[in-house]
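Worksheet: the structure to be examined is printed underneath.
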Amino acid sequence: MALLLRTVARQGLCLSRSQFGVLYRPAVPMGTAAKEEMNKFWAKNTQLNRPVSPHISIYKWSVPMMMSISHRGTGVALSSGISVFALAALVLPESYPYYLDLIHSMTFGPQFLAFSKFALAFPVAYHTFNGIRHLAWDLGKGFKIPEVYRSAYIVIALTVLTSIGLAAM
């Protein structure tokens with residue numbers, strides 16, 4: 001069946017090519033290997049002294065760039081953390097209260113606990129507020145450059161305030 005479909009499709013493709021006549025021309029000459037084309041490409045780039053690709057060093061770092069990178073990073077970190085926690089809950093032999101009591105018995109200082117709560121709250125708050133910012137963009141709001149920067153600073157301020165509030169609980 002697959003052979004029949006492939007044959008019919010190829011014949012249809014050949015017929016559609018002949019309809020275009022002069023207008024249709026393959027982008028790469030038939031019979032050349034991909035390696036040959038790649039070598040031509042790199043030889044031309046070397047001859048013209050073109051850079052390999054745009055690199056981070058040529059871009060001026062900006063707040064929107066950092067916000068985008070951080071949003072992706074916190075998303076990956078949060079999903080990884082939740083996955084590890086869920087896997088640990090399935091694999092570890094004792095129940096949750098046992099491990100909670102174990103952590104309480106370690107008697108960390110209040111500064112360490114406050115910092116730990118802040119470190120856990122910050123990515124959640126940041127990803128949430130920046131996600132709301134992205135939802136506003138999905139509605140077509142806030143695309144002008146001053147609005148982009150203003151919303152970025154609002155997200156940062158709300159993230160810090162919310163993280164401090166959650167760490168204080």
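By order in the structure tokens, chains are A, B, ...; within a chain, residues start at 1; ligands start at 1, following the order shown.
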* Write down as number ranges by chain the residues of stretch 59-135 of chain A whose backbone DSSP state falls under alpha helix (DSSP H). => A: 63-91, 96-105, 110-135
Separating atom CA of A:Leu120 from atom CA of A:Met66, to the nearest tenth of an Å, is a gap of 19.9 Å
So that each row is one residue of stretch 55-92 of chain A with an atom at most 12 Å from stretch 139-149 of chain A, can you give its shortest atom pair and the distance in Å to one decimal, using only C-alpha atoms, rows by chain and rising number, as CSV?
```
residue,atom,partner,partner_atom,distance
A:Ser62,CA,A:Tyr149,CA,9.3
A:Val63,CA,A:Tyr149,CA,6.9
A:Pro64,CA,A:Tyr149,CA,6.9
A:Met65,CA,A:Tyr149,CA,10.6
A:Met66,CA,A:Tyr149,CA,11.3
A:Met67,CA,A:Tyr149,CA,10.0
A:Ser68,CA,A:Val148,CA,11.6
```
Pairwise distance, atom CA of A:Ala125 with atom CA of A:Tyr98, equals 28.4 Å
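Note that the spacing between atom CA of A:Ser95 and atom CA of A:Pro123 amounts to 26.7 Å.
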Across A:Met38, A:Leu92, A:Ser53, A:Ala119, the smallest distance to A:Thr159, with only C-alpha atoms counted, is shown by A:Ala119
